[in-house]
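Novice: Input structure: input00.txt, which contains compact mmCIF, C-alpha atoms and all ligand atoms.
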```
# COMPACT_ATOMS: atom_id res chain seq x y z
CA MET A 1 10.95 -16.23 -109.68
CA THR A 2 11.04 -19.66 -108.06
CA LEU A 3 14.17 -20.29 -106.04
CA PHE A 4 13.31 -23.78 -104.79
CA GLU A 5 11.78 -26.61 -106.72
CA ARG A 6 11.38 -30.22 -105.76
CA SER A 7 14.11 -32.37 -107.30
CA GLU A 8 13.35 -36.02 -106.84
CA ALA A 9 15.32 -37.65 -109.63
CA ILE A 10 17.83 -39.36 -107.31
CA PHE A 11 16.23 -39.99 -103.92
CA GLU A 12 13.05 -41.84 -103.15
CA ASP A 13 13.37 -40.81 -99.48
CA GLU A 14 16.70 -39.41 -98.34
CA ASN A 15 15.58 -39.36 -94.69
CA VAL A 16 16.27 -43.08 -94.66
CA LEU A 17 19.99 -42.24 -94.75
CA HIS A 18 19.81 -39.79 -91.85
CA ASP A 19 21.03 -40.73 -88.40
CA ASP A 20 17.70 -40.48 -86.65
CA TYR A 21 15.95 -42.91 -89.00
CA GLN A 22 14.87 -46.06 -87.18
CA PRO A 23 15.31 -49.10 -89.46
CA GLU A 24 12.53 -51.69 -89.43
CA SER A 25 15.07 -54.48 -89.14
CA LEU A 26 18.69 -54.63 -88.08
CA GLU A 27 21.29 -56.47 -90.12
CA GLU A 28 24.36 -58.35 -88.93
CA ARG A 29 23.66 -58.05 -85.23
CA ASP A 30 21.96 -61.41 -84.55
CA GLU A 31 24.31 -62.42 -81.73
CA GLU A 32 24.10 -59.07 -79.98
CA LEU A 33 20.32 -58.99 -80.39
CA GLU A 34 20.01 -62.48 -78.92
CA GLN A 35 22.18 -61.64 -75.93
CA TYR A 36 20.55 -58.28 -75.36
CA THR A 37 17.06 -59.85 -75.55
CA ALA A 38 18.10 -62.37 -72.91
CA TYR A 39 19.30 -59.54 -70.66
CA LEU A 40 15.91 -57.81 -71.02
CA GLN A 41 13.86 -60.97 -70.43
CA PRO A 42 13.41 -60.36 -66.65
CA VAL A 43 11.42 -57.23 -67.55
CA ILE A 44 8.74 -59.27 -69.33
CA ASN A 45 8.77 -61.77 -66.48
CA GLY A 46 7.98 -58.95 -64.09
CA SER A 47 11.24 -59.33 -62.14
CA GLN A 48 13.89 -56.78 -61.31
CA PRO A 49 15.48 -55.53 -64.60
CA ARG A 50 19.21 -56.00 -65.05
CA ASN A 51 21.43 -53.00 -65.54
CA ILE A 52 23.15 -53.30 -68.88
CA PHE A 53 26.28 -51.60 -70.16
CA LEU A 54 26.85 -51.40 -73.92
CA TYR A 55 30.16 -50.37 -75.37
CA GLY A 56 31.74 -50.18 -78.80
CA LYS A 57 33.08 -47.60 -81.21
CA THR A 58 30.94 -44.96 -82.82
CA GLY A 59 28.39 -45.92 -85.50
CA VAL A 60 28.26 -49.65 -84.75
CA GLY A 61 24.55 -49.82 -83.91
CA LYS A 62 24.46 -49.47 -80.11
CA THR A 63 21.70 -46.86 -80.16
CA ALA A 64 19.80 -48.36 -83.10
CA VAL A 65 19.71 -51.83 -81.51
CA THR A 66 18.67 -50.41 -78.14
CA LYS A 67 15.81 -48.36 -79.55
CA TYR A 68 14.69 -51.30 -81.69
CA LEU A 69 14.55 -53.70 -78.73
CA LEU A 70 12.89 -51.25 -76.36
CA ARG A 71 10.22 -50.48 -78.94
CA HIS A 72 9.46 -54.22 -79.17
CA LEU A 73 9.64 -54.65 -75.42
CA GLU A 74 7.06 -51.92 -74.80
CA GLU A 75 4.82 -53.33 -77.53
CA ASP A 76 5.09 -56.96 -76.38
CA ALA A 77 4.51 -56.04 -72.74
CA LYS A 78 1.02 -54.83 -73.66
CA GLN A 79 -0.23 -58.43 -73.88
CA TYR A 80 0.25 -58.84 -70.10
CA ASP A 81 -2.31 -57.07 -67.94
CA ASP A 82 -0.15 -57.19 -64.83
CA LEU A 83 2.83 -55.52 -66.51
CA THR A 84 3.60 -51.92 -67.46
CA VAL A 85 6.89 -51.07 -69.10
CA THR A 86 8.06 -47.48 -69.50
CA THR A 87 11.25 -46.67 -71.35
CA VAL A 88 13.12 -43.38 -71.29
CA TYR A 89 15.97 -42.44 -73.59
CA LEU A 90 18.40 -39.67 -72.63
CA ASN A 91 21.52 -38.62 -74.45
CA CYS A 92 23.93 -37.33 -71.81
CA GLU A 93 26.03 -35.20 -74.14
CA ASP A 94 24.68 -32.04 -72.48
CA LEU A 95 24.01 -33.63 -69.09
CA THR A 96 27.40 -33.44 -67.46
CA SER A 97 26.46 -34.19 -63.85
CA SER A 98 24.11 -36.37 -61.82
CA TYR A 99 22.16 -33.23 -60.99
CA ARG A 100 21.52 -32.44 -64.66
CA VAL A 101 20.46 -36.02 -65.38
CA ALA A 102 18.09 -36.10 -62.41
CA VAL A 103 16.46 -32.78 -63.42
CA GLU A 104 16.12 -33.99 -67.01
CA LEU A 105 14.47 -37.21 -65.84
CA VAL A 106 12.01 -35.38 -63.57
CA ASN A 107 11.09 -33.09 -66.48
CA THR A 108 10.74 -36.01 -68.89
CA PHE A 109 8.12 -37.52 -66.58
CA ARG A 110 6.28 -34.25 -65.91
CA GLU A 111 3.84 -32.19 -67.93
CA PRO A 112 5.36 -29.10 -69.63
CA SER A 113 3.60 -26.81 -67.12
CA GLU A 114 5.18 -28.63 -64.16
CA GLN A 115 8.82 -28.63 -65.24
CA ILE A 116 11.49 -27.77 -62.68
CA SER A 117 14.34 -25.37 -63.39
CA ARG A 118 17.85 -26.61 -64.05
CA THR A 119 19.34 -24.81 -61.08
CA GLY A 120 18.47 -23.84 -57.57
CA TYR A 121 17.56 -27.10 -55.83
CA PRO A 122 19.80 -29.17 -53.58
CA LEU A 123 20.63 -32.51 -55.24
CA ASN A 124 18.69 -34.43 -52.62
CA ALA A 125 15.56 -32.42 -53.29
CA VAL A 126 15.79 -33.29 -56.99
CA TYR A 127 16.25 -36.96 -56.12
CA GLU A 128 13.15 -36.80 -53.89
CA LYS A 129 11.14 -35.40 -56.81
CA LEU A 130 12.53 -38.12 -59.05
CA TRP A 131 11.55 -40.90 -56.65
CA ALA A 132 8.04 -39.47 -56.45
CA GLU A 133 7.72 -39.43 -60.25
CA LEU A 134 9.04 -42.96 -60.58
CA ASP A 135 6.67 -44.25 -57.93
CA GLN A 136 3.79 -42.61 -59.68
CA ILE A 137 4.65 -44.26 -63.00
CA GLY A 138 5.21 -47.58 -61.30
CA GLY A 139 5.94 -50.92 -63.00
CA MET A 140 9.13 -51.49 -64.95
CA VAL A 141 11.06 -48.37 -65.87
CA LEU A 142 14.05 -48.71 -68.15
CA ILE A 143 16.28 -45.66 -68.41
CA VAL A 144 18.74 -45.48 -71.29
CA LEU A 145 21.69 -43.17 -70.71
CA ASP A 146 23.43 -42.85 -74.06
CA GLU A 147 26.96 -41.38 -74.03
CA VAL A 148 26.86 -42.04 -70.28
CA ASP A 149 30.55 -41.11 -69.93
CA TYR A 150 29.60 -37.42 -70.35
CA ILE A 151 28.13 -37.49 -66.84
CA GLY A 152 31.73 -37.42 -65.63
CA ASP A 153 32.96 -38.02 -62.09
CA ASP A 154 29.84 -36.68 -60.46
CA ASP A 155 28.05 -39.96 -61.16
CA SER A 156 26.10 -40.70 -57.96
CA ILE A 157 22.94 -41.10 -60.01
CA LEU A 158 24.33 -44.27 -61.57
CA TYR A 159 24.46 -45.71 -58.10
CA GLN A 160 21.29 -44.17 -56.68
CA LEU A 161 18.84 -45.05 -59.44
CA PRO A 162 19.31 -48.82 -59.56
CA ARG A 163 19.29 -48.96 -55.76
CA ALA A 164 16.33 -46.68 -55.18
CA ARG A 165 14.00 -49.59 -54.54
CA SER A 166 16.27 -51.60 -52.25
CA ASN A 167 17.04 -48.38 -50.36
CA GLU A 168 13.29 -47.91 -49.91
CA LYS A 169 13.17 -44.63 -51.79
CA ILE A 170 10.55 -46.03 -54.11
CA GLU A 171 7.99 -48.75 -53.69
CA HIS A 172 5.99 -49.16 -56.87
CA ALA A 173 8.60 -49.09 -59.61
CA ARG A 174 11.54 -51.29 -60.57
CA ILE A 175 14.34 -49.45 -62.32
CA GLY A 176 16.83 -50.75 -64.86
CA ILE A 177 19.62 -48.66 -66.35
CA ILE A 178 21.08 -49.15 -69.79
CA GLY A 179 24.36 -47.24 -70.12
CA ILE A 180 25.94 -46.77 -73.55
CA SER A 181 29.44 -45.53 -74.24
CA ASN A 182 32.08 -45.46 -76.94
CA ASP A 183 34.82 -44.50 -74.52
CA PHE A 184 36.69 -47.72 -73.81
CA LYS A 185 38.45 -46.25 -70.81
CA TYR A 186 35.20 -45.18 -69.15
CA ARG A 187 34.69 -48.43 -67.30
CA GLU A 188 38.14 -48.37 -65.76
CA LYS A 189 37.52 -44.86 -64.46
CA LEU A 190 34.32 -45.78 -62.60
CA ASP A 191 34.13 -46.05 -58.87
CA PRO A 192 34.00 -49.84 -58.16
CA ARG A 193 30.56 -49.51 -56.56
CA VAL A 194 29.17 -47.77 -59.63
CA GLU A 195 30.94 -50.20 -61.94
CA ASP A 196 29.41 -53.20 -60.17
CA THR A 197 25.96 -51.69 -60.45
CA LEU A 198 26.04 -50.25 -63.96
CA CYS A 199 27.96 -53.09 -65.59
CA GLU A 200 25.86 -55.93 -64.16
CA ARG A 201 25.47 -57.21 -67.73
CA GLU A 202 27.75 -56.14 -70.55
CA LEU A 203 27.56 -56.18 -74.29
CA HIS A 204 30.33 -55.28 -76.70
CA PHE A 205 29.50 -54.13 -80.24
CA PRO A 206 32.50 -54.74 -82.53
CA PRO A 207 33.13 -52.64 -85.67
CA TYR A 208 31.52 -53.91 -88.90
CA ASP A 209 33.61 -55.43 -91.67
CA ALA A 210 33.13 -54.55 -95.35
CA ASN A 211 30.67 -57.40 -96.05
CA GLU A 212 28.50 -56.54 -93.09
CA LEU A 213 28.50 -52.88 -94.04
CA GLN A 214 27.60 -53.74 -97.61
CA ASN A 215 24.55 -55.65 -96.43
CA ILE A 216 23.45 -52.84 -94.09
CA LEU A 217 23.95 -50.19 -96.75
CA GLU A 218 22.17 -52.19 -99.48
CA LYS A 219 19.02 -52.44 -97.38
CA ARG A 220 19.02 -48.70 -96.71
CA ALA A 221 19.96 -47.75 -100.27
CA ALA A 222 17.01 -49.74 -101.64
CA LEU A 223 14.64 -47.52 -99.64
CA ALA A 224 16.51 -44.26 -100.04
CA PHE A 225 17.21 -44.12 -103.79
CA LYS A 226 15.04 -44.43 -106.88
CA ASP A 227 15.41 -47.73 -108.71
CA GLY A 228 18.42 -48.07 -110.98
CA ILE A 229 20.04 -44.81 -109.79
CA LEU A 230 23.07 -46.36 -108.09
CA GLU A 231 25.78 -47.80 -110.30
CA GLY A 232 26.90 -51.27 -109.24
CA ASP A 233 30.11 -50.31 -107.39
CA VAL A 234 28.63 -47.49 -105.34
CA VAL A 235 27.45 -49.43 -102.29
CA PRO A 236 30.48 -51.79 -102.16
CA LEU A 237 32.81 -48.80 -102.36
CA CYS A 238 31.02 -46.92 -99.54
CA ALA A 239 31.18 -50.11 -97.47
CA ALA A 240 34.88 -50.61 -98.24
CA PHE A 241 35.80 -47.03 -97.33
CA ALA A 242 33.85 -47.18 -94.06
CA ALA A 243 35.35 -50.59 -93.19
CA GLN A 244 38.91 -49.37 -93.86
CA ASP A 245 38.38 -46.47 -91.53
CA LYS A 246 36.35 -47.24 -88.39
CA GLY A 247 33.87 -49.93 -89.39
CA SER A 248 31.03 -47.49 -88.72
CA ALA A 249 27.64 -47.86 -90.42
CA ARG A 250 27.07 -44.14 -89.89
CA GLN A 251 30.13 -43.35 -91.94
CA GLY A 252 28.94 -45.60 -94.78
CA LEU A 253 25.48 -44.02 -94.71
CA ASP A 254 26.96 -40.51 -94.69
CA LEU A 255 29.03 -41.39 -97.76
CA LEU A 256 25.98 -42.71 -99.62
CA LEU A 257 23.98 -39.59 -98.77
CA GLU A 258 26.75 -37.21 -99.78
CA ALA A 259 27.38 -39.11 -103.06
CA GLY A 260 23.66 -38.96 -103.90
CA ASP A 261 23.58 -35.29 -103.01
CA LEU A 262 26.52 -34.54 -105.33
CA ALA A 263 24.75 -36.31 -108.20
CA ARG A 264 21.56 -34.36 -107.47
CA ARG A 265 23.32 -30.99 -107.33
CA ARG A 266 24.93 -31.64 -110.69
CA ASN A 267 21.82 -33.06 -112.29
CA ASP A 268 23.70 -36.26 -113.06
CA PRO A 269 21.39 -39.11 -114.07
CA VAL A 270 23.04 -41.76 -111.88
CA VAL A 271 25.27 -42.00 -108.79
CA THR A 272 28.72 -43.32 -109.70
CA GLU A 273 31.94 -44.47 -108.05
CA ASP A 274 33.40 -41.01 -108.77
CA HIS A 275 30.66 -39.36 -106.73
CA VAL A 276 31.58 -41.64 -103.82
CA ARG A 277 35.27 -40.78 -104.05
CA GLU A 278 34.49 -37.09 -104.16
CA ALA A 279 32.00 -37.44 -101.29
CA LYS A 280 34.72 -39.11 -99.23
CA GLN A 281 37.07 -36.19 -99.79
CA LEU A 282 34.36 -33.67 -98.95
CA LEU A 283 33.37 -35.41 -95.73
CA GLU A 284 36.97 -35.80 -94.64
CA LYS A 285 37.59 -32.14 -95.28
CA GLN A 286 34.50 -31.22 -93.28
CA ARG A 287 35.63 -33.43 -90.43
CA ILE A 288 39.08 -31.85 -90.30
CA GLU A 289 37.60 -28.37 -90.55
CA GLU A 290 35.28 -29.15 -87.66
CA SER A 291 38.14 -30.47 -85.52
CA MET A 292 40.40 -27.57 -86.48
CA LYS A 293 37.89 -25.08 -85.14
CA GLU A 294 38.84 -26.32 -81.72
CA LEU A 295 42.54 -25.62 -82.26
CA THR A 296 44.55 -22.47 -81.63
CA SER A 297 46.89 -21.03 -84.24
CA HIS A 298 49.76 -23.03 -82.68
CA GLY A 299 47.65 -26.16 -83.17
CA HIS A 300 47.29 -25.21 -86.83
CA LEU A 301 51.03 -24.64 -87.11
CA THR A 302 51.67 -28.01 -85.49
CA LEU A 303 49.56 -29.70 -88.14
CA LEU A 304 51.28 -27.68 -90.84
CA ALA A 305 54.64 -28.83 -89.46
CA VAL A 306 53.61 -32.47 -89.84
CA VAL A 307 52.26 -31.87 -93.36
CA THR A 308 55.47 -30.04 -94.34
CA ALA A 309 57.72 -32.74 -92.90
CA THR A 310 55.70 -35.37 -94.77
CA VAL A 311 55.94 -33.52 -98.07
CA VAL A 312 59.65 -32.68 -97.72
CA ASP A 313 60.67 -36.27 -97.10
CA PRO A 314 57.98 -38.98 -97.04
CA SER A 315 60.67 -41.62 -96.50
CA GLN A 316 61.08 -40.30 -92.93
CA ILE A 317 57.47 -41.15 -91.91
CA PRO A 318 56.72 -41.64 -89.00
CA PHE A 319 58.35 -38.65 -87.34
CA GLN A 320 59.70 -38.14 -83.88
CA LYS A 321 58.79 -35.05 -81.93
CA GLN A 322 62.15 -33.36 -82.38
CA GLN A 323 62.00 -33.50 -86.18
CA LEU A 324 58.54 -31.95 -86.11
CA TYR A 325 59.47 -29.39 -83.48
CA GLU A 326 62.21 -27.93 -85.67
CA GLN A 327 59.80 -27.66 -88.57
CA TYR A 328 57.22 -26.02 -86.28
CA GLN A 329 59.72 -23.46 -84.93
CA ASP A 330 60.59 -22.38 -88.49
CA LEU A 331 56.91 -21.99 -89.35
CA ALA A 332 56.18 -20.03 -86.18
CA VAL A 333 58.99 -17.59 -86.95
CA ALA A 334 57.86 -17.28 -90.59
CA THR A 335 54.38 -16.30 -89.39
CA ASN A 336 55.70 -13.85 -86.76
CA ARG A 337 54.79 -15.89 -83.72
CA ASP A 338 56.87 -16.83 -80.70
CA PRO A 339 57.35 -20.59 -80.86
CA LEU A 340 55.98 -22.54 -77.90
CA GLY A 341 58.27 -24.64 -75.71
CA GLY A 342 58.75 -28.35 -76.36
CA ARG A 343 56.24 -29.41 -73.70
CA ALA A 344 53.42 -27.25 -75.09
CA PHE A 345 54.27 -28.42 -78.61
CA HIS A 346 54.00 -32.02 -77.39
CA ASN A 347 50.50 -31.21 -76.05
CA HIS A 348 49.43 -29.96 -79.46
CA LEU A 349 50.66 -33.18 -81.07
CA ALA A 350 48.69 -35.14 -78.47
CA GLU A 351 45.56 -33.11 -79.15
CA LEU A 352 45.82 -33.63 -82.90
CA SER A 353 46.20 -37.36 -82.27
CA MET A 354 43.14 -37.37 -80.05
CA LEU A 355 41.15 -35.66 -82.80
CA GLY A 356 42.17 -38.43 -85.21
CA ILE A 357 44.13 -36.03 -87.43
CA LEU A 358 47.48 -37.57 -86.51
CA ASP A 359 48.33 -41.16 -85.75
CA ARG A 360 50.53 -41.54 -82.68
CA THR A 361 52.48 -44.72 -81.97
CA LYS A 362 54.22 -45.45 -78.70
CA ARG A 363 57.77 -46.79 -79.04
CA ASN A 364 60.02 -48.32 -76.49
CA GLU A 365 63.74 -48.02 -76.96
CA GLY A 366 64.27 -51.33 -75.25
CA ARG A 367 66.34 -52.10 -72.18
CA GLY A 368 67.01 -48.99 -70.18
CA GLY A 369 65.75 -46.80 -73.01
CA GLY A 370 62.86 -44.44 -72.65
CA ILE A 371 59.44 -44.37 -74.15
CA TYR A 372 58.83 -42.00 -77.03
CA TYR A 373 56.14 -41.35 -79.65
CA GLU A 374 56.14 -41.29 -83.42
CA TYR A 375 53.62 -39.34 -85.44
CA GLU A 376 52.20 -39.40 -88.92
CA ILE A 377 49.32 -37.73 -90.63
CA ASP A 378 46.13 -39.80 -90.45
CA VAL A 379 43.95 -37.85 -92.90
CA PRO A 380 44.49 -37.34 -96.64
CA ILE A 381 47.21 -34.71 -97.25
CA ASP A 382 44.94 -33.02 -99.77
CA ALA A 383 42.19 -32.52 -97.20
CA ALA A 384 44.66 -31.22 -94.57
CA LEU A 385 46.23 -28.84 -97.11
CA SER A 386 42.88 -27.48 -98.29
CA THR A 387 41.87 -26.74 -94.73
CA LEU A 388 45.18 -25.07 -93.87
CA GLU A 389 45.14 -23.02 -97.08
CA HIS A 390 41.95 -21.32 -95.91
CA LEU A 391 43.49 -20.04 -92.68
CA HIS A 392 44.69 -16.45 -92.36
CA MET A 393 48.22 -17.37 -91.38
CA SER A 394 48.75 -19.21 -94.67
CA ASP A 395 48.93 -15.79 -96.42
CA GLU A 396 52.39 -15.46 -94.91
CA LEU A 397 53.55 -18.86 -96.19
CA ASP A 398 54.20 -20.34 -99.59
CA MET A 399 51.35 -22.83 -99.58
CA GLU A 400 51.39 -23.10 -103.35
CA SER A 401 54.90 -24.58 -103.42
CA LEU A 402 53.94 -26.94 -100.60
CA ARG A 403 50.99 -28.20 -102.62
CA GLN A 404 53.16 -28.49 -105.73
CA ASN A 405 55.76 -30.50 -103.78
CA ALA A 406 53.05 -32.75 -102.39
CA GLU A 407 51.88 -33.40 -105.91
CA ASN A 408 55.41 -34.10 -107.12
CA GLN A 409 55.82 -36.61 -104.30
CA GLY A 410 52.61 -38.36 -105.41
CA LEU A 411 50.89 -37.51 -102.11
CA LEU A 412 47.77 -35.88 -103.61
N1 LIG B 1 23.01 -53.40 -87.85
C1 LIG B 1 22.47 -52.32 -88.39
N2 LIG B 1 21.46 -52.42 -89.30
C2 LIG B 1 20.93 -51.30 -89.84
N3 LIG B 1 21.34 -50.06 -89.58
C3 LIG B 1 22.35 -49.90 -88.70
C4 LIG B 1 22.95 -51.01 -88.06
N4 LIG B 1 23.94 -50.57 -87.25
C5 LIG B 1 23.95 -49.23 -87.36
N5 LIG B 1 22.98 -48.82 -88.22
C6 LIG B 1 22.71 -47.43 -88.58
O1 LIG B 1 23.93 -46.71 -88.51
C7 LIG B 1 23.73 -45.43 -87.90
C8 LIG B 1 24.58 -45.31 -86.65
O2 LIG B 1 24.15 -46.29 -85.70
P1 LIG B 1 24.00 -45.99 -84.13
O3 LIG B 1 23.60 -44.56 -83.93
O4 LIG B 1 23.16 -47.04 -83.56
O5 LIG B 1 25.52 -46.16 -83.68
P2 LIG B 1 26.13 -46.06 -82.21
O6 LIG B 1 26.96 -47.28 -82.03
O7 LIG B 1 25.05 -45.79 -81.22
O8 LIG B 1 27.07 -44.82 -82.39
P3 LIG B 1 27.46 -43.64 -81.32
O9 LIG B 1 28.29 -44.28 -80.28
O10 LIG B 1 28.23 -42.66 -82.16
O11 LIG B 1 26.16 -43.07 -80.82
C9 LIG B 1 22.24 -45.32 -87.64
O12 LIG B 1 21.66 -44.66 -88.75
C10 LIG B 1 21.77 -46.77 -87.58
O13 LIG B 1 20.42 -46.88 -87.99
```
How would this structure read if it were set down as structure tokens?
Specialist:
Amino acid sequence: MTLFERSEAIFEDENVLHDDYQPESLEERDEELEQYTAYLQPVINGSQPRNIFLYGKTGVGKTAVTKYLLRHLEEDAKQYDDLTVTTVYLNCEDLTSSYRVAVELVNTFREPSEQISRTGYPLNAVYEKLWAELDQIGGMVLIVLDEVDYIGDDDSILYQLPRARSNEKIEHARIGIIGISNDFKYREKLDPRVEDTLCERELHFPPYDANELQNILEKRAALAFKDGILEGDVVPLCAAFAAQDKGSARQGLDLLLEAGDLARRRNDPVVTEDHVREAKQLLEKQRIEESMKELTSHGHLTLLAVVTATVVDPSQIPFQKQQLYEQYQDLAVATNRDPLGGRAFHNHLAELSMLGILDRTKRNEGRGGGIYYEYEIDVPIDAALSTLEHLHMSDELDMESLRQNAENQGLL
């Protein structure tokens, strides 16, 4: 019996919608491309590369634009005999110290049989090995550190690398660093010396609006789907949803892929607006489920308290901590748990806000008054409820009535 068969009625090439696909051309980033190209110009001229810092929210093209330009830079450099350009791309998500970055760089430059281990050397010894590798490569070496904020406080490498030549650690290579981050606070947290070095040139990537996203998605959809498979509103709707949320091209592409996948699984002949709406729900649910994995049962109860308060009286949105705390205490008792104190409860609200599940607004009571926060749910109630309904503790609660009430209130 055959379990798997090729089904190619919907997609021409679905890889085009995946995150690691490198588009041939980039839409809607002319200004950024122009500026970025100017920042990289010294490399082609054979002078000291600038260090460049790119920032902007997730999915706005920072990595795609960087890889696109570096590919061209390496290619165009080949026409000059006196110039060699080497580019290295590292994602720092798992490289949480200067030591880890330095080891990773040494190993990137070395043959597999000559790799060094990730522990056991003094930092200086790793730096010495790194300088030797860089000198051996020589020429212009551009090092991209994506998600550079993951390196954390132990960031001496951000200072050492760009200065290696002026500090006479290397002779034959000129190093440029390109740091990329979507943490807006990262810059403020940097040591001023590192900040001066890393942020020599800066480039901000703003979120895309719906028209820009539509253009980006149309170009990808034309390559990804078979002709005539997408109904007319599909791309505009994906663009509109992504624009309403974070203005992320990744989010729009994920929606298109999921909508196409739903149509394929059901053997539907075309992808429709309904597939997109359903895809949105599915992706949101997945996102909440992913985030919820990081929470403890009191985190889950905190979310349930906000959902319950919302369903019981939507006119009270947004809620202050005290209103939610009472709700939470009742739920904790109903599920046989000792309620946490107010401070710990506050921390759970903060964590849910950080995960993007709640929206937290700072309020000021005015003259002499204190600062306090108001909270409201920032994901669809339906998605939050579905996730909570699958947790063990919900067996002890009347989730069915909660869902019914939510429906009666028009919240689903
Ligand atoms: N202007 C654009 N034209 C075509 N595709 C784009 C454009 N901007 C982003 N994309 C696509 O959107 C997806 C996300 O982009 P990218 O990874 O560059 O975002 P990012 O800003 O680096 O996000 P993160 O900070 O999460 O890494 C990729 O598939 C990329 O090809």
Novice: So the first atom is atom CA of A:Met140 and the second is atom CA of A:Glu202; what is the distance between them in Å, to one decimal place?
Specialist: 20.0 Å
Novice: I want to know what sits within 10 Å of A:Val312, based on all atoms listed in the file, with residues of the same chain fewer than 5 positions away left out; could you give that as a PyMOL selection string?
Specialist: chain A and resi 306-307+402+405-406+409
Novice: Only C-alpha atoms, please: the residues just picked out, written as a PDB file, keeping the file's coordinate frame.
Specialist:
```
ATOM      1  CA  VAL A 306      53.610 -32.470 -89.840  1.00  0.00           C
ATOM      2  CA  VAL A 307      52.260 -31.870 -93.360  1.00  0.00           C
ATOM      3  CA  LEU A 402      53.940 -26.940-100.600  1.00  0.00           C
ATOM      4  CA  ASN A 405      55.760 -30.500-103.780  1.00  0.00           C
ATOM      5  CA  ALA A 406      53.050 -32.750-102.390  1.00  0.00           C
ATOM      6  CA  GLN A 409      55.820 -36.610-104.300  1.00  0.00           C
TER       7      GLN A 409
END
```
Novice: Find, counting all atoms listed in the file, the residue in A:Ile288, A:Ser315, A:Gln329, A:Thr335 that gets nearest to A:Leu388.
Specialist: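 With all atoms listed in the file as the atom set, the closest residue is A:Ile288.
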Novice: How big is the axis-aligned box, and where does its centre sit, when it encloses all atoms of ligand LIG 1 (chain B) listed in the file and has 6 Å added on every side, reported in Å to one decimal as lines of an AutoDock Vina configuration file?
Specialist:
```
center_x = 24.4
center_y = -48.0
center_z = -85.1
size_x = 19.9
size_y = 22.7
size_z = 21.6
```
Novice: Could you tell me which of A:Met1, A:Val148, A:Leu223, A:Leu253 comes closest to ligand LIG 1 (chain B) if we count only C-alpha atoms and all ligand atoms?
Specialist: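 Answer, going by the shortest atom-to-atom distance: A:Leu253.
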Novice: Closest to A:Ser156 among A:His298, A:His390, A:Arg100, A:Arg118, using only C-alpha atoms?
Specialist: A:Arg100
Novice: Tell me, as a list in words, which residues lie within 8 Å of A:Val276, counting all atoms listed in the file; anything in the same chain fewer than 2 positions away does not count.
Specialist: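 Result of the neighbour search: Val234, Leu237, Cys238, Leu255, Leu256, Glu258, Ala259, Thr272, Glu273, Asp274, Glu278, Ala279 and Lys280 of chain A.
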Novice: Within 9 Å of ligand LIG 1 (chain B), which residues of chain A come that close, and what is the closest atom pair and distance in Å for each? Count all atoms listed in the file and give it as a Markdown table.
Specialist:
```
| residue | atom | partner | partner_atom | distance |
| --- | --- | --- | --- | --- |
| A:Val16 | CA | B:LIG1 | O12 | 8.2 |
| A:Leu17 | CA | B:LIG1 | O12 | 6.7 |
| A:His18 | CA | B:LIG1 | O12 | 6.1 |
| A:Asp19 | CA | B:LIG1 | O12 | 4.0 |
| A:Asp20 | CA | B:LIG1 | O12 | 6.1 |
| A:Tyr21 | CA | B:LIG1 | O12 | 6.0 |
| A:Gln22 | CA | B:LIG1 | O13 | 5.7 |
| A:Pro23 | CA | B:LIG1 | O13 | 5.8 |
| A:Glu24 | CA | B:LIG1 | C2 | 8.4 |
| A:Ser25 | CA | B:LIG1 | C2 | 6.7 |
| A:Leu26 | CA | B:LIG1 | N2 | 3.7 |
| A:Glu27 | CA | B:LIG1 | N2 | 4.1 |
| A:Glu28 | CA | B:LIG1 | N1 | 5.2 |
| A:Arg29 | CA | B:LIG1 | N1 | 5.4 |
| A:Asp30 | CA | B:LIG1 | N1 | 8.7 |
| A:Tyr55 | CA | B:LIG1 | O6 | 8.0 |
| A:Gly56 | CA | B:LIG1 | O6 | 6.5 |
| A:Lys57 | CA | B:LIG1 | O9 | 5.9 |
| A:Thr58 | CA | B:LIG1 | O10 | 3.6 |
| A:Gly59 | CA | B:LIG1 | O5 | 3.4 |
| A:Val60 | CA | B:LIG1 | O6 | 3.8 |
| A:Gly61 | CA | B:LIG1 | O4 | 3.1 |
| A:Lys62 | CA | B:LIG1 | O6 | 3.8 |
| A:Thr63 | CA | B:LIG1 | O7 | 3.7 |
| A:Ala64 | CA | B:LIG1 | O4 | 3.6 |
| A:Val65 | CA | B:LIG1 | O4 | 6.2 |
| A:Thr66 | CA | B:LIG1 | O4 | 7.8 |
| A:Lys67 | CA | B:LIG1 | O4 | 8.5 |
| A:Asp146 | CA | B:LIG1 | O11 | 7.3 |
| A:Glu147 | CA | B:LIG1 | O9 | 7.0 |
| A:Ile180 | CA | B:LIG1 | O9 | 7.6 |
| A:Ser181 | CA | B:LIG1 | O9 | 6.3 |
| A:Asn182 | CA | B:LIG1 | O9 | 5.2 |
| A:Asp183 | CA | B:LIG1 | O9 | 8.7 |
| A:Phe205 | CA | B:LIG1 | O6 | 7.5 |
| A:Pro207 | CA | B:LIG1 | O6 | 8.9 |
| A:Tyr208 | CA | B:LIG1 | N4 | 8.4 |
| A:Glu212 | CA | B:LIG1 | N1 | 8.2 |
| A:Leu213 | CA | B:LIG1 | C1 | 8.3 |
| A:Asn215 | CA | B:LIG1 | N2 | 8.4 |
| A:Ile216 | CA | B:LIG1 | C2 | 5.2 |
| A:Leu217 | CA | B:LIG1 | C2 | 7.6 |
| A:Lys219 | CA | B:LIG1 | C2 | 7.9 |
| A:Arg220 | CA | B:LIG1 | C2 | 7.6 |
| A:Ser248 | CA | B:LIG1 | C8 | 7.1 |
| A:Ala249 | CA | B:LIG1 | O1 | 4.3 |
| A:Arg250 | CA | B:LIG1 | C7 | 4.1 |
| A:Gln251 | CA | B:LIG1 | O1 | 7.8 |
| A:Gly252 | CA | B:LIG1 | O1 | 8.1 |
| A:Leu253 | CA | B:LIG1 | O1 | 6.9 |
| A:Asp254 | CA | B:LIG1 | O12 | 9.0 |
```
